[in-house]
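Visitor: Structure file work15.cif, mmCIF, C-alpha atoms and all ligand atoms, is pasted below:
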```
data_coords
#
loop_
_atom_site.group_PDB
_atom_site.id
_atom_site.type_symbol
_atom_site.label_atom_id
_atom_site.label_comp_id
_atom_site.auth_asym_id
_atom_site.auth_seq_id
_atom_site.Cartn_x
_atom_site.Cartn_y
_atom_site.Cartn_z
ATOM 1 C CA MET A 1 -24.489 -19.388 -5.982
ATOM 2 C CA HIS A 2 -20.737 -19.945 -5.819
ATOM 3 C CA GLY A 3 -18.229 -21.841 -3.733
ATOM 4 C CA ASN A 4 -15.497 -20.225 -1.650
ATOM 5 C CA LYS A 5 -12.657 -22.629 -0.841
ATOM 6 C CA ASN A 6 -11.087 -21.964 2.561
ATOM 7 C CA HIS A 7 -8.596 -24.652 3.683
ATOM 8 C CA ASP A 8 -10.617 -27.845 3.740
ATOM 9 C CA THR A 9 -14.057 -26.261 4.179
ATOM 10 C CA ILE A 10 -16.262 -25.065 1.375
ATOM 11 C CA THR A 11 -18.891 -22.445 2.122
ATOM 12 C CA ILE A 12 -21.666 -21.912 -0.357
ATOM 13 C CA MET A 13 -22.770 -18.301 -0.595
ATOM 14 C CA GLU A 14 -26.071 -17.241 -2.058
ATOM 15 C CA LYS A 15 -26.281 -13.966 -3.891
ATOM 16 C CA ILE A 16 -28.320 -11.417 -1.910
ATOM 17 C CA LYS A 17 -30.624 -9.553 -4.257
ATOM 18 C CA ILE A 18 -32.000 -6.169 -3.254
ATOM 19 C CA ALA A 19 -34.570 -4.419 -5.442
ATOM 20 C CA ALA A 20 -34.683 -0.661 -4.856
ATOM 21 C CA ILE A 21 -37.914 1.196 -5.476
ATOM 22 C CA VAL A 22 -37.626 4.970 -5.799
ATOM 23 C CA GLY A 23 -40.951 6.737 -5.347
ATOM 24 C CA SER A 24 -39.961 9.716 -7.484
ATOM 25 C CA LEU A 25 -39.851 9.539 -11.277
ATOM 26 C CA ARG A 26 -37.879 12.737 -11.899
ATOM 27 C CA LYS A 27 -34.372 12.326 -13.242
ATOM 28 C CA ASP A 28 -32.590 14.496 -10.656
ATOM 29 C CA SER A 29 -34.592 13.044 -7.773
ATOM 30 C CA LEU A 30 -32.879 13.320 -4.409
ATOM 31 C CA ASN A 31 -34.335 9.936 -3.510
ATOM 32 C CA ARG A 32 -32.901 8.349 -6.654
ATOM 33 C CA GLN A 33 -29.522 9.858 -5.765
ATOM 34 C CA LEU A 34 -29.876 8.485 -2.236
ATOM 35 C CA ALA A 35 -30.505 5.038 -3.755
ATOM 36 C CA LEU A 36 -27.416 5.394 -5.938
ATOM 37 C CA ILE A 37 -25.301 6.213 -2.871
ATOM 38 C CA ALA A 38 -26.797 3.168 -1.119
ATOM 39 C CA SER A 39 -25.753 1.142 -4.150
ATOM 40 C CA SER A 40 -22.110 2.298 -3.735
ATOM 41 C CA ILE A 41 -22.197 1.511 -0.017
ATOM 42 C CA LEU A 42 -23.502 -2.005 -0.689
ATOM 43 C CA SER A 43 -20.911 -2.542 -3.360
ATOM 44 C CA GLU A 44 -18.161 -1.690 -0.839
ATOM 45 C CA LEU A 45 -19.824 -3.910 1.753
ATOM 46 C CA SER A 46 -19.954 -6.719 -0.777
ATOM 47 C CA LYS A 47 -16.189 -6.431 -1.359
ATOM 48 C CA GLU A 48 -15.389 -6.261 2.372
ATOM 49 C CA SER A 49 -17.613 -9.184 3.359
ATOM 50 C CA GLN A 50 -17.004 -11.212 0.173
ATOM 51 C CA GLU A 51 -20.734 -11.691 -0.046
ATOM 52 C CA GLU A 52 -22.321 -11.197 -3.420
ATOM 53 C CA ILE A 53 -24.839 -8.390 -3.067
ATOM 54 C CA GLU A 54 -26.866 -7.236 -6.055
ATOM 55 C CA PHE A 55 -28.666 -3.900 -5.817
ATOM 56 C CA LYS A 56 -30.796 -2.732 -8.719
ATOM 57 C CA ILE A 57 -33.109 0.251 -8.991
ATOM 58 C CA LEU A 58 -36.432 -0.867 -10.431
ATOM 59 C CA ASP A 59 -37.500 0.957 -13.584
ATOM 60 C CA TYR A 60 -41.283 1.153 -13.512
ATOM 61 C CA THR A 61 -41.846 4.205 -15.691
ATOM 62 C CA ASP A 62 -43.788 2.077 -18.198
ATOM 63 C CA VAL A 63 -46.244 0.622 -15.646
ATOM 64 C CA PRO A 64 -49.715 1.980 -16.469
ATOM 65 C CA ILE A 65 -52.272 3.375 -14.031
ATOM 66 C CA LEU A 66 -54.082 0.380 -12.580
ATOM 67 C CA ASN A 67 -57.427 -0.292 -14.192
ATOM 68 C CA GLN A 68 -59.042 -3.579 -13.229
ATOM 69 C CA ASP A 69 -60.385 -3.910 -16.765
ATOM 70 C CA ASN A 70 -56.753 -4.446 -17.841
ATOM 71 C CA GLU A 71 -55.619 -6.628 -14.963
ATOM 72 C CA TYR A 72 -55.756 -10.085 -16.525
ATOM 73 C CA PRO A 73 -53.655 -10.792 -18.424
ATOM 74 C CA ALA A 74 -51.292 -8.321 -16.759
ATOM 75 C CA PRO A 75 -49.527 -5.852 -19.072
ATOM 76 C CA PRO A 76 -45.935 -6.939 -19.951
ATOM 77 C CA SER A 77 -44.457 -4.078 -17.858
ATOM 78 C CA VAL A 78 -46.338 -5.336 -14.784
ATOM 79 C CA LYS A 79 -45.193 -8.898 -15.390
ATOM 80 C CA ARG A 80 -41.591 -7.635 -15.667
ATOM 81 C CA VAL A 81 -41.641 -5.690 -12.373
ATOM 82 C CA ARG A 82 -43.404 -8.546 -10.595
ATOM 83 C CA ASP A 83 -40.730 -11.001 -11.726
ATOM 84 C CA ILE A 84 -37.968 -8.698 -10.452
ATOM 85 C CA ILE A 85 -39.611 -8.278 -7.035
ATOM 86 C CA LYS A 86 -40.425 -11.977 -6.820
ATOM 87 C CA SER A 87 -36.786 -12.939 -7.280
ATOM 88 C CA ALA A 88 -35.465 -10.284 -4.846
ATOM 89 C CA ASN A 89 -34.555 -11.182 -1.256
ATOM 90 C CA GLY A 90 -35.370 -7.685 -0.058
ATOM 91 C CA VAL A 91 -37.013 -4.484 -1.246
ATOM 92 C CA TRP A 92 -35.573 -1.105 -0.253
ATOM 93 C CA PHE A 93 -37.946 1.841 -0.656
ATOM 94 C CA PHE A 94 -36.609 5.374 -1.212
ATOM 95 C CA SER A 95 -39.663 7.525 -0.813
ATOM 96 C CA PRO A 96 -40.265 11.227 -1.375
ATOM 97 C CA GLU A 97 -42.988 12.993 0.573
ATOM 98 C CA TYR A 98 -45.863 14.550 -1.363
ATOM 99 C CA ASN A 99 -48.375 16.342 0.878
ATOM 100 C CA HIS A 100 -47.329 14.290 3.893
ATOM 101 C CA PHE A 101 -47.892 11.102 1.906
ATOM 102 C CA PHE A 102 -45.830 8.935 -0.407
ATOM 103 C CA SER A 103 -46.189 9.527 -4.132
ATOM 104 C CA GLY A 104 -49.050 8.447 -6.358
ATOM 105 C CA ALA A 105 -46.544 6.709 -8.652
ATOM 106 C CA LEU A 106 -45.387 4.526 -5.774
ATOM 107 C CA LYS A 107 -48.949 3.781 -4.656
ATOM 108 C CA ASN A 108 -49.866 2.721 -8.199
ATOM 109 C CA LEU A 109 -46.857 0.409 -8.418
ATOM 110 C CA ILE A 110 -47.613 -1.154 -5.031
ATOM 111 C CA ASP A 111 -51.257 -1.602 -6.019
ATOM 112 C CA TRP A 112 -50.146 -3.637 -9.044
ATOM 113 C CA LEU A 113 -47.680 -5.624 -6.934
ATOM 114 C CA SER A 114 -50.383 -6.285 -4.339
ATOM 115 C CA ARG A 115 -52.585 -8.197 -6.746
ATOM 116 C CA PRO A 116 -52.518 -11.986 -7.120
ATOM 117 C CA ILE A 117 -50.638 -13.161 -10.174
ATOM 118 C CA SER A 118 -53.179 -15.844 -11.013
ATOM 119 C CA GLU A 119 -55.787 -18.071 -9.391
ATOM 120 C CA SER A 120 -52.997 -20.274 -8.049
ATOM 121 C CA GLU A 121 -50.314 -17.676 -7.198
ATOM 122 C CA GLY A 122 -50.643 -14.794 -4.741
ATOM 123 C CA HIS A 123 -48.883 -11.441 -4.754
ATOM 124 C CA VAL A 124 -45.124 -11.004 -4.705
ATOM 125 C CA LEU A 125 -44.682 -8.756 -1.653
ATOM 126 C CA GLY A 126 -45.923 -11.011 1.147
ATOM 127 C CA GLY A 127 -43.192 -12.021 3.611
ATOM 128 C CA LYS A 128 -40.544 -10.039 1.724
ATOM 129 C CA ALA A 129 -38.025 -7.988 3.744
ATOM 130 C CA ALA A 130 -38.440 -4.226 3.376
ATOM 131 C CA ALA A 131 -36.332 -1.201 4.314
ATOM 132 C CA ILE A 132 -37.461 2.416 4.088
ATOM 133 C CA SER A 133 -35.473 5.611 3.525
ATOM 134 C CA GLY A 134 -36.323 9.064 2.289
ATOM 135 C CA ILE A 135 -34.975 12.554 1.759
ATOM 136 C CA SER A 136 -36.773 15.854 1.355
ATOM 137 C CA PRO A 137 -35.780 19.526 1.256
ATOM 138 C CA GLY A 138 -38.165 20.249 4.140
ATOM 139 C CA VAL A 139 -37.936 19.574 7.847
ATOM 140 C CA SER A 140 -40.066 16.403 7.897
ATOM 141 C CA GLY A 141 -37.479 14.474 5.881
ATOM 142 C CA THR A 142 -40.299 12.170 4.627
ATOM 143 C CA LEU A 143 -41.046 10.829 8.109
ATOM 144 C CA ILE A 144 -44.815 11.257 7.782
ATOM 145 C CA ALA A 145 -44.861 9.694 4.301
ATOM 146 C CA GLN A 146 -42.815 6.778 5.634
ATOM 147 C CA ASP A 147 -45.354 6.148 8.391
ATOM 148 C CA HIS A 148 -48.113 5.906 5.762
ATOM 149 C CA LEU A 149 -45.956 3.608 3.653
ATOM 150 C CA ILE A 150 -45.390 1.336 6.644
ATOM 151 C CA THR A 151 -49.146 1.098 7.193
ATOM 152 C CA LEU A 152 -49.580 -0.069 3.597
ATOM 153 C CA LEU A 153 -46.630 -2.468 3.564
ATOM 154 C CA SER A 154 -47.747 -3.992 6.872
ATOM 155 C CA PHE A 155 -51.194 -4.583 5.437
ATOM 156 C CA LEU A 156 -49.503 -6.406 2.552
ATOM 157 C CA ASN A 157 -47.627 -8.547 5.059
ATOM 158 C CA MET A 158 -44.148 -7.363 4.181
ATOM 159 C CA LYS A 159 -41.476 -7.930 6.786
ATOM 160 C CA ILE A 160 -40.484 -4.376 7.610
ATOM 161 C CA MET A 161 -37.212 -3.363 9.194
ATOM 162 C CA ASN A 162 -38.598 -0.687 11.513
ATOM 163 C CA ASN A 163 -35.228 0.154 12.981
ATOM 164 C CA PRO A 164 -33.161 1.666 11.510
ATOM 165 C CA ARG A 165 -35.162 3.720 9.075
ATOM 166 C CA LEU A 166 -33.518 6.710 7.417
ATOM 167 C CA VAL A 167 -35.055 10.180 7.379
ATOM 168 C CA VAL A 168 -33.003 12.955 5.747
ATOM 169 C CA PRO A 169 -34.464 16.462 6.312
ATOM 170 C CA ASN A 170 -33.131 19.682 4.740
ATOM 171 C CA GLY A 171 -31.782 17.643 1.831
ATOM 172 C CA PHE A 172 -30.458 20.645 -0.092
ATOM 173 C CA GLN A 173 -27.946 21.254 2.681
ATOM 174 C CA GLN A 174 -26.206 18.094 1.508
ATOM 175 C CA VAL A 175 -25.975 18.854 -2.232
ATOM 176 C CA ASP A 176 -23.139 20.551 -4.104
ATOM 177 C CA GLU A 177 -23.469 23.650 -6.363
ATOM 178 C CA GLY A 178 -24.483 21.415 -9.282
ATOM 179 C CA GLY A 179 -27.385 19.930 -7.330
ATOM 180 C CA LYS A 180 -25.620 16.595 -6.804
ATOM 181 C CA LEU A 181 -26.360 14.875 -3.520
ATOM 182 C CA LYS A 182 -23.170 14.585 -1.503
ATOM 183 C CA LEU A 183 -24.752 13.148 1.613
ATOM 184 C CA THR A 184 -22.335 14.463 4.208
ATOM 185 C CA THR A 185 -23.790 14.336 7.738
ATOM 186 C CA SER A 186 -26.290 11.575 6.849
ATOM 187 C CA ALA A 187 -23.789 9.242 5.161
ATOM 188 C CA PRO A 188 -22.966 7.192 8.300
ATOM 189 C CA PHE A 189 -26.679 6.622 8.932
ATOM 190 C CA LEU A 190 -27.201 5.304 5.401
ATOM 191 C CA LYS A 191 -24.215 2.973 5.813
ATOM 192 C CA ASN A 192 -25.600 1.777 9.120
ATOM 193 C CA GLN A 193 -28.989 1.101 7.525
ATOM 194 C CA ALA A 194 -27.405 -0.743 4.581
ATOM 195 C CA GLU A 195 -25.454 -3.041 6.901
ATOM 196 C CA ALA A 196 -28.507 -3.630 9.089
ATOM 197 C CA PHE A 197 -30.698 -4.431 6.085
ATOM 198 C CA ILE A 198 -28.304 -7.055 4.740
ATOM 199 C CA GLN A 199 -28.353 -8.751 8.159
ATOM 200 C CA PHE A 200 -32.144 -8.404 8.305
ATOM 201 C CA VAL A 201 -32.500 -10.000 4.862
ATOM 202 C CA LYS A 202 -30.167 -12.832 5.821
ATOM 203 C CA ASN A 203 -32.179 -13.501 8.984
ATOM 204 C CA SER A 204 -35.534 -13.302 7.197
HETATM 205 C C1 LIG A 301 -43.749 18.116 -2.281
HETATM 206 N N1 LIG A 301 -42.685 18.294 -1.396
HETATM 207 C C2 LIG A 301 -42.878 18.034 -0.033
HETATM 208 N N2 LIG A 301 -41.810 17.929 0.837
HETATM 209 C C3 LIG A 301 -42.009 17.609 2.146
HETATM 210 O O1 LIG A 301 -41.038 17.514 2.906
HETATM 211 N N3 LIG A 301 -43.262 17.378 2.629
HETATM 212 C C4 LIG A 301 -44.363 17.438 1.825
HETATM 213 O O2 LIG A 301 -45.476 17.190 2.270
HETATM 214 C C5 LIG A 301 -44.187 17.795 0.451
HETATM 215 N N4 LIG A 301 -45.252 17.884 -0.408
HETATM 216 C C6 LIG A 301 -45.052 17.931 -1.776
HETATM 217 C C7 LIG A 301 -46.118 17.737 -2.656
HETATM 218 C C8 LIG A 301 -45.885 17.662 -4.011
HETATM 219 C C9 LIG A 301 -47.039 17.383 -4.943
HETATM 220 C C10 LIG A 301 -44.577 17.820 -4.526
HETATM 221 C C11 LIG A 301 -44.317 17.706 -6.005
HETATM 222 C C12 LIG A 301 -43.535 18.056 -3.679
HETATM 223 C C13 LIG A 301 -41.347 18.625 -1.865
HETATM 224 C C14 LIG A 301 -40.571 17.369 -2.164
HETATM 225 O O3 LIG A 301 -40.058 16.854 -0.939
HETATM 226 C C15 LIG A 301 -39.411 17.682 -3.115
HETATM 227 O O4 LIG A 301 -39.916 18.113 -4.356
HETATM 228 C C16 LIG A 301 -38.473 16.498 -3.263
HETATM 229 O O5 LIG A 301 -37.315 16.926 -3.939
HETATM 230 C C17 LIG A 301 -39.158 15.336 -3.980
HETATM 231 O O6 LIG A 301 -38.354 14.175 -3.954
HETATM 232 P P1 LIG A 301 -37.334 13.839 -5.147
HETATM 233 O O7 LIG A 301 -38.072 13.958 -6.449
HETATM 234 O O8 LIG A 301 -36.219 14.869 -5.053
HETATM 235 O O9 LIG A 301 -36.863 12.470 -4.852
#
```
Could you write out this structure as structure tokens?

Guide:
Amino acid sequence: MHGNKNHDTITIMEKIKIAAIVGSLRKDSLNRQLALIASSILSELSKESQEEIEFKILDYTDVPILNQDNEYPAPPSVKRVRDIIKSANGVWFFSPEYNHFFSGALKNLIDWLSRPISESEGHVLGGKAAAISGISPGVSGTLIAQDHLITLLSFLNMKIMNNPRLVVPNGFQQVDEGGKLKLTTSAPFLKNQAEAFIQFVKNS
């Protein structure tokens, strides 16, 4: 929290924390690159609006496959990701589509996050603002996977921003020769979603 002195009024601004969850673990993931572009957009937005916006991609590569035998006490990696999500004001999902579904890695992470922390504390996703985006080389652009993800997140009582969502089909048409995502035609839609999500989080 910090103060911003403007003539004789002082406004107190809270930092807006967005945790990004990328459903693909591969290093050159289009969805990870989409998240990185979203990060740049939010950083610009933060400068323009003078609001402090933090956007961090969650690293969950060390979270094990859920086995209820190992649930309590939770493994340190699970405790770490839970703490990050708990302190975030919003969660932005960047989901690939695997067989018209979201990935197993993402399902496993959400399963861990869906479990109560202890007898006295519930799970960390309930009531949390959520945005959903995705990019794929095919024509579906992750739309079908996103619909499944929404079913799951609704069940977990997340507050989902249903409009706008971002679906980017034919993703390779927006990469350069080196395979880097340039996001040409879809860039304005991502910017629009970023701005809408910050408002959504603030109103949540
Ligand atoms: C895919 N892919 C894919 N794409 C799609 O549009 N619809 C689909 O149903 C599937 N199914 C599918 C299944 C499996 C097991 C794999 C590994 C891949 C292709 C997928 O969209 C592509 O590999 C993306 O590049 C994956 O996202 P990242 O890793 O680039 O973020």

Visitor: Let me make sure I understand: among A:Asn99, A:Asn108, A:Ser49, A:Gln193, which one has the smallest atom-to-atom distance to ligand LIG 301 (chain A) if we use all atoms listed in the file?

Guide: A:Asn99

Visitor: Can you spell out as an MDAnalysis selection string the set of residues that the PyMOL selection byres (((chain A and resi 141) around 8) and not hetatm) selects in the structure I just provided?

Guide: chainID A and resid 97 134:140 142:143 167:171

Visitor: Closest to Thr184 of chain A among A:Trp112, A:Phe94, A:Phe155, A:Phe172, using all atoms listed in the file?

Guide: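 Closest residue, counting all atoms listed in the file: A:Phe172.
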
Visitor: Would you translate the PyMOL selection byres (((chain A and resi 56) around 8) and not hetatm) into the concrete set of residues it matches in this file, as a list in words?

Guide: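 That expression, the PyMOL selection byres (((chain A and resi 56) around 8) and not hetatm), corresponds here to Ile18, Ala19, Ala20, Ser39, Glu54, Phe55, Ile57 and Leu58 of chain A.
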
Visitor: Quick one: distance from atom CA of Ala35 of chain A to atom CA of Pro75 of chain A in Å, one decimal?

Guide: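 Answer for the atom CA of Ala35 of chain A to atom CA of Pro75 of chain A separation: 26.7 Å.
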
Visitor: When the PyMOL selection byres (((chain A and resi 25) around 12) and not hetatm) is applied to the file above, which residues end up in the set, as a ChimeraX atom specification?

Guide: /A:21-24,26-33,57-63,94-96,103-106,109

Visitor: Between atom CA of Glu51 of chain A and atom CA of Ile150 of chain A, measure the distance and give it in Å to one decimal.

Guide: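 Interatomic distance, atom CA of Glu51 of chain A to atom CA of Ile150 of chain A: 28.7 Å.
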
Visitor: For a quick check of understanding, using all atoms listed in the file, which of A:Asn67, A:Pro116, A:Val175, A:Val91 has the smallest distance to ligand LIG 301 (chain A)?

Guide: A:Val175

Visitor: Could you put an axis-aligned box around every listed atom of ligand LIG 301 (chain A), padded by 4 Å on each side, and send me its centre and edge lengths in Å to one decimal, as lines of an AutoDock Vina configuration file?

Guide:
```
center_x = -41.6
center_y = 15.5
center_z = -1.8
size_x = 18.8
size_y = 14.2
size_z = 17.4
```

Visitor: Which residue, A:Lys202, A:His100, A:Lys47, A:Arg165, has the smallest gap to ligand LIG 301 (chain A) when you use only C-alpha atoms and all ligand atoms?

Guide: A:His100

Visitor: Which of these, A:Leu42, A:Ile65, A:Leu149, A:Ile144, has the shortest distance to ligand LIG 301 (chain A) once you count all atoms listed in the file?

Guide: A:Ile144

Visitor: Tell me, as a list in words, which residues lie within 10 Å of Ile37 of chain A, counting only C-alpha atoms; anything in the same chain fewer than 6 positions away does not count.

Guide: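 Result of the neighbour search: Asn31, Ser43, Leu181, Lys182, Leu183, Ala187, Leu190 and Lys191 of chain A.
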
Visitor: Which residue gives the smallest distance to Lys107 of chain A among A:Val201, A:Ile53, A:Leu45, A:Ala145, with all atoms listed in the file counted?

Guide: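 Once distances to Lys107 of chain A are computed over all atoms listed in the file, the minimum belongs to A:Ala145.
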
Visitor: Please compute the atom CA of Lys159 of chain A-atom CA of Ser204 of chain A distance, one decimal, in Å.

Guide: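 So the two atoms, atom CA of Lys159 of chain A and atom CA of Ser204 of chain A, lie 8.0 Å apart.
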